[in-house]
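One structure is given here, and the rest of the page talks about it.
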Amino acid sequence: MRSHLLNGLTAEHYRRSVTEGVERVAEKLAGVERPFTGVAPDALAPRVDAIDLDRPLGDTAAALDELEDVYLKDAVYFHHPRYLAHLNCPVVIPAVLGEAVLSAVNSSLDTWDQSAGGTLIERKLIDWTAGRIGLGPAADGVFTSGGSQSNLQALLLAREEAKCHDPAKLRILASEIGHFSVQKSAKLLGLGEDAVVTVPVDRDKRMRTVALVGELERCRRAGLVPMAVVATAGTTDFGSIDPLPRIAELCDRYGVWLHVDAAYGCGLLASRKYRHRIDGIECADSVTVDYHKSFFQPVSSSAVLVRDGATLRHATYHADYLNPRRTVRERIPNQVDKSLQTTRRFDALKLWLTLRTMGADGIGELFDEVCDLAVAGWRLLAADPRFDVVVEPSLSTLVFRFVPAAVTDPAEIDRANLHARKALFASGEAVVAGTKVGGRHYLKFTLLNPETTPADIAAVLDLIAGHAEQYLGESLDRAS
């Protein structure tokens with residue numbers, strides 16, 4: 001079994017095995033004709049259940065053959081131009097190369113004696129991102145597993161900086177359409193169910209600052225302590241960007257920590273065309289970025305950044321076997337001192353190789369393309385009487401609803417839209433997402449693939465309308 005351990009003696013075996021795997025995936029990518037096969041759980045689950053994990057196949061080729069049957073054949077392929085559903089991006093090749101390198105070397109980014117150069121690369125990328133945001137010379141941060149963890153750590157720091165001895169008095173003010181990880185973070189931080197105060201949004205799905213003032217004043221009158229305002233630069237449902245400059249002014253006036261969840265909108269940091277849309281982000285006390293959304297990186301690749309690096313001490317614990325206190329005096333750069341995680345992948349390498357190969361402008365151009373595509377899609381929807389589109393896009397998301405002329409019952413229209421989404425997914429011809437607006441069911445395009453065209457959008461809209469109309473026709477037949 002030692003022949004399977006990666007080391008100097010097995011380097012050639014490693015080369016052959018990885019090459020075979022890459023060739024399989026490359027062949028699959030080149031041959032994918034639709035984003036999904038439409039396989040149902042009941043059809044796929046028995047194939048997985050039938051595998052006896054206690055009886056190994058013995059070689060890589062056989063394992064890859066089996067993997068083709070239980071995974072590769074029926075995977076949902078985000079690189080396909082008609083995958084339009086969630087915040088999943090196609091990935092750039094330099095980042096995939098980085099994934100291969102970091103997995104093989106297997107550095108752990110918690111302490112210097114496990115990562116050395118990896119530590120310095122991650123720190124350089126944190127400095128680069130903080131510079132793009134404009135956080136100032138005292139800024140710092142650390143890579144995380146994703147936006148939820150980044151938001152959790154930011155709110156942990158905000159809680160500690162609030163210096164309130166009664167957790168029951170703490171409040172987090174967030175948009176009513178902010179990410180659910182804010183509520184989850186509040187629970188994990190031991191705050192009450194009413195700790196998160198949701199602030200209404202305007203018709204453009206941006207936080208209403210007048211309402212935010214009202215909530216801040218209400219907290220003051222009630223003797224409550226607003227520990228953080230969470231503004232969003234790219235909401236999950238609409239891609240909307242809260243009015244960051246005005247929110248920053250209010251946070252400064254009331255002495256409240258400002259966290260900006262830019263998990264989605266962080267791609268604008270590399271944009272030469274639309275960077276101004278997140279002006280005001282430089283005033284934040286903490287920022288979440290997800291490179292695995294709008295920087296076209298493989299999952300996972302995220303970071304939390306702070307204006308004052310000293311606040312990261314709230315996540316610091318010292319263990320004699322790992323990062324004893326003396327290492328601080330000796331100026332040994334241990335990233336575990338800043339992180340909620342201990343063992344941690346060298347995910348920063350993917351972004352490093354991307355920037356060193358493509359440059360920030362290359363990433364920004366790709367994100368600008370999908371933002372432009374969203375405008376084209378919005379125009380298609382606005383001009384099509386079959387659909388109601390909710391809001392003009394700020395990033396690359398479109399929320400809309402099929403509205404048949406002959407049907408006026410909102411519940412029946414809900415069912416038609418739900419059916420259309422499910423039928424489309426089952427066909428495998430395209431994948432779209434769904435959400436609710438005002439209690440009604442809507443559909444959603446999240447456009448993160450520069451290879452998607454307006455023609456693709458128009459074709460998928462026709463498919464949606466066809467499935468919905470078929471459902472409504474059958475429904476009328478059943479009623480009669």
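Chain lettering (A, B, ...) mirrors the order of the structure tokens, residue numbering begins at 1 for each chain separately, and ligand numbering begins at 1 in order of display.
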Please identify all polymer residues within 12 Å of Lys163 of chain A, counting only C-alpha atoms, omitting same-chain residues fewer than 2 positions from it, and present them as an MDAnalysis selection string.
chainID A and resid 156:161 165:167 169:170 225:227 256:257 314
Could you please take those selected residues and save N, CA and C atoms as a PDB file, in the first residue's frame?
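After the write, again32.pdb holds the following:
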ATOM      1  N   LEU A 156     -18.142  38.143  15.033  1.00  0.00           N
ATOM      2  CA  LEU A 156     -17.452  37.848  16.297  1.00  0.00           C
ATOM      3  C   LEU A 156     -16.596  39.035  16.721  1.00  0.00           C
ATOM      4  N   LEU A 157     -15.841  39.593  15.782  1.00  0.00           N
ATOM      5  CA  LEU A 157     -15.002  40.750  16.095  1.00  0.00           C
ATOM      6  C   LEU A 157     -15.858  41.941  16.506  1.00  0.00           C
ATOM      7  N   ALA A 158     -16.963  42.140  15.786  1.00  0.00           N
ATOM      8  CA  ALA A 158     -17.859  43.257  16.114  1.00  0.00           C
ATOM      9  C   ALA A 158     -18.441  43.090  17.510  1.00  0.00           C
ATOM     10  N   ARG A 159     -18.821  41.870  17.855  1.00  0.00           N
ATOM     11  CA  ARG A 159     -19.371  41.628  19.193  1.00  0.00           C
ATOM     12  C   ARG A 159     -18.368  41.983  20.276  1.00  0.00           C
ATOM     13  N   GLU A 160     -17.127  41.561  20.079  1.00  0.00           N
ATOM     14  CA  GLU A 160     -16.105  41.828  21.082  1.00  0.00           C
ATOM     15  C   GLU A 160     -15.775  43.317  21.157  1.00  0.00           C
ATOM     16  N   GLU A 161     -15.742  43.975  20.012  1.00  0.00           N
ATOM     17  CA  GLU A 161     -15.432  45.404  19.989  1.00  0.00           C
ATOM     18  C   GLU A 161     -16.560  46.244  20.600  1.00  0.00           C
ATOM     19  N   HIS A 165     -21.438  43.906  28.183  1.00  0.00           N
ATOM     20  CA  HIS A 165     -21.403  42.777  29.107  1.00  0.00           C
ATOM     21  C   HIS A 165     -22.726  42.017  29.176  1.00  0.00           C
ATOM     22  N   ASP A 166     -23.735  42.512  28.476  1.00  0.00           N
ATOM     23  CA  ASP A 166     -25.027  41.841  28.467  1.00  0.00           C
ATOM     24  C   ASP A 166     -25.384  41.475  27.023  1.00  0.00           C
ATOM     25  N   PRO A 167     -25.097  40.242  26.609  1.00  0.00           N
ATOM     26  CA  PRO A 167     -25.365  39.843  25.222  1.00  0.00           C
ATOM     27  C   PRO A 167     -26.812  40.041  24.797  1.00  0.00           C
ATOM     28  N   LYS A 169     -28.568  42.512  25.068  1.00  0.00           N
ATOM     29  CA  LYS A 169     -28.781  43.876  24.580  1.00  0.00           C
ATOM     30  C   LYS A 169     -28.197  44.101  23.173  1.00  0.00           C
ATOM     31  N   LEU A 170     -27.418  43.145  22.682  1.00  0.00           N
ATOM     32  CA  LEU A 170     -26.734  43.343  21.406  1.00  0.00           C
ATOM     33  C   LEU A 170     -27.683  43.160  20.230  1.00  0.00           C
ATOM     34  N   VAL A 225     -27.770  47.836  22.271  1.00  0.00           N
ATOM     35  CA  VAL A 225     -26.442  48.157  21.732  1.00  0.00           C
ATOM     36  C   VAL A 225     -26.315  47.596  20.318  1.00  0.00           C
ATOM     37  N   PRO A 226     -26.387  48.449  19.292  1.00  0.00           N
ATOM     38  CA  PRO A 226     -26.153  47.965  17.931  1.00  0.00           C
ATOM     39  C   PRO A 226     -24.669  47.608  17.775  1.00  0.00           C
ATOM     40  N   MET A 227     -24.368  46.331  17.687  1.00  0.00           N
ATOM     41  CA  MET A 227     -22.962  45.909  17.609  1.00  0.00           C
ATOM     42  C   MET A 227     -22.434  45.950  16.181  1.00  0.00           C
ATOM     43  N   VAL A 256     -21.023  52.578  15.323  1.00  0.00           N
ATOM     44  CA  VAL A 256     -21.365  51.164  15.105  1.00  0.00           C
ATOM     45  C   VAL A 256     -20.399  50.556  14.092  1.00  0.00           C
ATOM     46  N   TRP A 257     -19.999  49.336  14.351  1.00  0.00           N
ATOM     47  CA  TRP A 257     -19.137  48.574  13.436  1.00  0.00           C
ATOM     48  C   TRP A 257     -19.868  48.370  12.122  1.00  0.00           C
ATOM     49  N   HIS A 314      -9.238  38.921  18.666  1.00  0.00           N
ATOM     50  CA  HIS A 314     -10.399  38.291  19.282  1.00  0.00           C
ATOM     51  C   HIS A 314     -10.581  36.839  18.819  1.00  0.00           C
TER      52      HIS A 314
END
Considering only C-alpha atoms, return as a ChimeraX atom specification whatever protein or nucleic-acid residues lie within 12 Å of Arg203 of chain A, sequence-local ones (same chain, fewer than 5 positions apart) excluded.
/A:208,238,240,242,390-392,437-438
Please, could you write that set of residues out with N, CA, C and O atoms as a JSON list (two decimals), in the first residue's frame?
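Saved the output as part38.json:
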[["chain", "number", "residue", "atom", "x", "y", "z"],
["A", 208, "ARG", "N", -32.93, 50.71, 2.97],
["A", 208, "ARG", "CA", -33.45, 52.06, 3.12],
["A", 208, "ARG", "C", -32.76, 52.71, 4.31],
["A", 208, "ARG", "O", -32.95, 52.32, 5.46],
["A", 238, "PHE", "N", -30.81, 39.42, -5.70],
["A", 238, "PHE", "CA", -30.95, 40.48, -6.71],
["A", 238, "PHE", "C", -29.62, 41.08, -7.17],
["A", 238, "PHE", "O", -29.61, 41.85, -8.13],
["A", 240, "SER", "N", -28.22, 43.32, -5.65],
["A", 240, "SER", "CA", -28.32, 44.74, -5.32],
["A", 240, "SER", "C", -27.23, 45.16, -4.34],
["A", 240, "SER", "O", -26.73, 44.34, -3.55],
["A", 242, "ASP", "N", -26.22, 47.87, -1.43],
["A", 242, "ASP", "CA", -26.73, 48.88, -0.50],
["A", 242, "ASP", "C", -25.96, 50.20, -0.65],
["A", 242, "ASP", "O", -24.81, 50.21, -1.11],
["A", 390, "VAL", "N", -38.16, 42.00, -12.01],
["A", 390, "VAL", "CA", -38.32, 42.75, -10.76],
["A", 390, "VAL", "C", -37.53, 44.04, -10.75],
["A", 390, "VAL", "O", -38.06, 45.11, -10.45],
["A", 391, "VAL", "N", -36.23, 43.97, -11.05],
["A", 391, "VAL", "CA", -35.38, 45.14, -10.87],
["A", 391, "VAL", "C", -34.24, 45.12, -11.89],
["A", 391, "VAL", "O", -33.77, 44.04, -12.28],
["A", 392, "GLU", "N", -33.84, 46.29, -12.32],
["A", 392, "GLU", "CA", -32.69, 46.39, -13.23],
["A", 392, "GLU", "C", -31.44, 45.95, -12.47],
["A", 392, "GLU", "O", -31.23, 46.34, -11.32],
["A", 437, "VAL", "N", -40.62, 36.71, -4.01],
["A", 437, "VAL", "CA", -40.69, 38.17, -3.94],
["A", 437, "VAL", "C", -42.12, 38.51, -3.54],
["A", 437, "VAL", "O", -43.07, 38.15, -4.24],
["A", 438, "GLY", "N", -42.25, 39.17, -2.39],
["A", 438, "GLY", "CA", -43.58, 39.50, -1.91],
["A", 438, "GLY", "C", -44.45, 38.28, -1.69],
["A", 438, "GLY", "O", -45.68, 38.34, -1.90]]
Fewer than 6 positions away in the same chain doesn't count, so skip those; otherwise give me all residues within 8 Å of Ser396 of chain A, counting only C-alpha atoms, as number ranges by chain.
A: 239, 370-375, 446-448
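Considering only C-alpha atoms, the residue among A:Leu395, A:Leu418, A:Ala303, A:Leu5 positioned nearest to Glu369 of chain A is A:Leu395.
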Among segment 220-411 of chain A, which ones does DSSP place in helix (DSSP H, G or I), written as a ChimeraX atom specification?
/A:220-222,244-254,265-270,275-278,281-283,291-294,309-315,326-329,335-338,348-357,359-382,410-411
List as an MDAnalysis selection string the protein and nucleic acid residues near segment 127-140 of chain A, meaning an atom at most 12 Å away when only C-alpha atoms are counted, but skip any in the same chain fewer than 3 places from it.
chainID A and resid 120:124 143 260 262 265:272 275:276 278:291 295 302:313 335 337:339 348 351:352 355 360
Selection to disk with C-alpha atoms, as a PDB file, in the first residue's frame:
ATOM      1  CA  LEU A 120       3.779  34.925   2.880  1.00  0.00           C
ATOM      2  CA  ILE A 121       1.768  34.402  -0.312  1.00  0.00           C
ATOM      3  CA  GLU A 122      -1.507  34.471   1.623  1.00  0.00           C
ATOM      4  CA  ARG A 123      -0.444  37.599   3.501  1.00  0.00           C
ATOM      5  CA  LYS A 124       0.547  39.295   0.249  1.00  0.00           C
ATOM      6  CA  PHE A 143      -8.544  33.379   4.023  1.00  0.00           C
ATOM      7  CA  VAL A 260     -19.836  44.869   4.235  1.00  0.00           C
ATOM      8  CA  ALA A 262     -19.217  41.706  -0.603  1.00  0.00           C
ATOM      9  CA  GLY A 265     -19.861  42.051  -5.473  1.00  0.00           C
ATOM     10  CA  CYS A 266     -16.150  41.703  -4.731  1.00  0.00           C
ATOM     11  CA  GLY A 267     -15.545  41.117  -8.442  1.00  0.00           C
ATOM     12  CA  LEU A 268     -15.985  44.867  -8.861  1.00  0.00           C
ATOM     13  CA  LEU A 269     -12.668  45.303  -7.020  1.00  0.00           C
ATOM     14  CA  ALA A 270     -10.997  44.134 -10.227  1.00  0.00           C
ATOM     15  CA  SER A 271     -13.320  46.005 -12.586  1.00  0.00           C
ATOM     16  CA  ARG A 272     -12.173  49.064 -14.485  1.00  0.00           C
ATOM     17  CA  ARG A 275     -15.696  49.740  -9.644  1.00  0.00           C
ATOM     18  CA  HIS A 276     -17.574  52.895  -8.651  1.00  0.00           C
ATOM     19  CA  ILE A 278     -19.047  49.819  -4.501  1.00  0.00           C
ATOM     20  CA  ASP A 279     -17.671  53.212  -3.551  1.00  0.00           C
ATOM     21  CA  GLY A 280     -17.903  53.514   0.217  1.00  0.00           C
ATOM     22  CA  ILE A 281     -16.641  49.991   0.870  1.00  0.00           C
ATOM     23  CA  GLU A 282     -13.356  51.569   1.944  1.00  0.00           C
ATOM     24  CA  CYS A 283     -15.139  52.881   5.057  1.00  0.00           C
ATOM     25  CA  ALA A 284     -15.982  49.407   6.348  1.00  0.00           C
ATOM     26  CA  ASP A 285     -14.560  47.955   9.541  1.00  0.00           C
ATOM     27  CA  SER A 286     -14.707  44.480   7.986  1.00  0.00           C
ATOM     28  CA  VAL A 287     -15.405  43.056   4.544  1.00  0.00           C
ATOM     29  CA  THR A 288     -16.286  39.599   3.250  1.00  0.00           C
ATOM     30  CA  VAL A 289     -15.011  38.625  -0.199  1.00  0.00           C
ATOM     31  CA  ASP A 290     -15.663  35.373  -2.046  1.00  0.00           C
ATOM     32  CA  TYR A 291     -13.102  34.868  -4.766  1.00  0.00           C
ATOM     33  CA  PHE A 295     -13.044  36.044  -9.254  1.00  0.00           C
ATOM     34  CA  SER A 302     -12.843  33.435   0.492  1.00  0.00           C
ATOM     35  CA  ALA A 303     -11.453  35.948   2.947  1.00  0.00           C
ATOM     36  CA  VAL A 304     -12.439  38.295   5.728  1.00  0.00           C
ATOM     37  CA  LEU A 305     -10.612  41.614   5.899  1.00  0.00           C
ATOM     38  CA  VAL A 306     -10.544  44.214   8.654  1.00  0.00           C
ATOM     39  CA  ARG A 307      -9.589  47.879   8.764  1.00  0.00           C
ATOM     40  CA  ASP A 308      -7.690  47.435  12.040  1.00  0.00           C
ATOM     41  CA  GLY A 309      -5.662  44.244  12.102  1.00  0.00           C
ATOM     42  CA  ALA A 310      -5.464  44.415  15.894  1.00  0.00           C
ATOM     43  CA  THR A 311      -9.126  43.377  16.102  1.00  0.00           C
ATOM     44  CA  LEU A 312      -8.194  39.925  14.815  1.00  0.00           C
ATOM     45  CA  ARG A 313      -6.851  39.233  18.315  1.00  0.00           C
ATOM     46  CA  GLN A 335      -1.859  32.619  10.413  1.00  0.00           C
ATOM     47  CA  ASP A 337      -3.510  33.576  15.240  1.00  0.00           C
ATOM     48  CA  LYS A 338      -6.037  35.279  12.939  1.00  0.00           C
ATOM     49  CA  SER A 339      -8.294  32.396  11.953  1.00  0.00           C
ATOM     50  CA  ALA A 348      -4.668  31.478  -1.620  1.00  0.00           C
ATOM     51  CA  LEU A 351      -5.736  33.342  -6.634  1.00  0.00           C
ATOM     52  CA  TRP A 352      -1.974  33.897  -6.670  1.00  0.00           C
ATOM     53  CA  LEU A 355      -3.168  37.059 -10.769  1.00  0.00           C
ATOM     54  CA  ALA A 360      -6.451  41.710 -12.057  1.00  0.00           C
TER      55      ALA A 360
END
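Comparing the minimum interatomic distances between Ala116 of chain A and each of A:Gly38, A:Leu173, A:Asn334, A:Cys219, counting only C-alpha atoms, we find that A:Asn334 sits nearest.
One distance worth recording is that between atom CA of Ala100 of chain A and atom CA of Thr119 of chain A, which is 18.1 Å.
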Select from segment 191-423 of chain A everything DSSP, run on the backbone, classes as strand (DSSP E), then give the selection as a ChimeraX atom specification.
/A:196-199,225-232,257-262,286-290,302-306,387-389,397-402
May I have the selected residues written with C-alpha atoms, as a JSON list (two decimals), in the first residue's frame?
[["chain", "number", "residue", "atom", "x", "y", "z"],
["A", 196, "VAL", "CA", -30.88, 40.48, 14.13],
["A", 197, "VAL", "CA", -33.01, 43.49, 13.21],
["A", 198, "THR", "CA", -33.98, 43.47, 9.55],
["A", 199, "VAL", "CA", -34.07, 46.79, 7.74],
["A", 225, "VAL", "CA", -26.44, 48.16, 21.73],
["A", 226, "PRO", "CA", -26.15, 47.96, 17.93],
["A", 227, "MET", "CA", -22.96, 45.91, 17.61],
["A", 228, "ALA", "CA", -22.89, 45.94, 13.81],
["A", 229, "VAL", "CA", -24.62, 47.09, 10.66],
["A", 230, "VAL", "CA", -24.28, 44.56, 7.85],
["A", 231, "ALA", "CA", -24.45, 46.19, 4.44],
["A", 232, "THR", "CA", -24.50, 44.02, 1.33],
["A", 257, "TRP", "CA", -19.14, 48.57, 13.44],
["A", 258, "LEU", "CA", -19.79, 48.45, 9.67],
["A", 259, "HIS", "CA", -19.46, 45.07, 8.01],
["A", 260, "VAL", "CA", -19.84, 44.87, 4.24],
["A", 261, "ASP", "CA", -20.78, 41.48, 2.86],
["A", 262, "ALA", "CA", -19.22, 41.71, -0.60],
["A", 286, "SER", "CA", -14.71, 44.48, 7.99],
["A", 287, "VAL", "CA", -15.41, 43.06, 4.54],
["A", 288, "THR", "CA", -16.29, 39.60, 3.25],
["A", 289, "VAL", "CA", -15.01, 38.62, -0.20],
["A", 290, "ASP", "CA", -15.66, 35.37, -2.05],
["A", 302, "SER", "CA", -12.84, 33.44, 0.49],
["A", 303, "ALA", "CA", -11.45, 35.95, 2.95],
["A", 304, "VAL", "CA", -12.44, 38.29, 5.73],
["A", 305, "LEU", "CA", -10.61, 41.61, 5.90],
["A", 306, "VAL", "CA", -10.54, 44.21, 8.65],
["A", 387, "PHE", "CA", -42.46, 38.00, -18.15],
["A", 388, "ASP", "CA", -42.36, 40.41, -15.24],
["A", 389, "VAL", "CA", -38.80, 41.39, -14.27],
["A", 397, "THR", "CA", -28.61, 38.66, -11.44],
["A", 398, "LEU", "CA", -32.08, 38.79, -12.96],
["A", 399, "VAL", "CA", -35.26, 37.93, -11.03],
["A", 400, "PHE", "CA", -38.41, 37.47, -13.09],
["A", 401, "ARG", "CA", -41.72, 35.65, -13.32],
["A", 402, "PHE", "CA", -43.73, 34.12, -16.15]]
If we count only C-alpha atoms, what is near Asn323 of chain A at a cut-off of 9 Å, once residues fewer than 3 positions away on the same chain are taken out, given as a ChimeraX atom specification?
/A:110-111,317-320,326-328,334,336-337
Residues near segment 454-462 of chain A, anyone? I mean within 8 Å using only C-alpha atoms, not counting same-chain ones fewer than 2 positions away, as a ChimeraX atom specification.
/A:81-82,373,376-377,380,430,452,464-466
Nearest residue to Gly428 of chain A out of A:Arg356, A:Arg34, A:Lys187, A:Arg47, using only C-alpha atoms?
A:Arg34
Rank nothing, just name the residue among A:Ala43, A:Ala11, A:Trp112, A:His86 nearest to Arg331 of chain A, using only C-alpha atoms.
A:Trp112
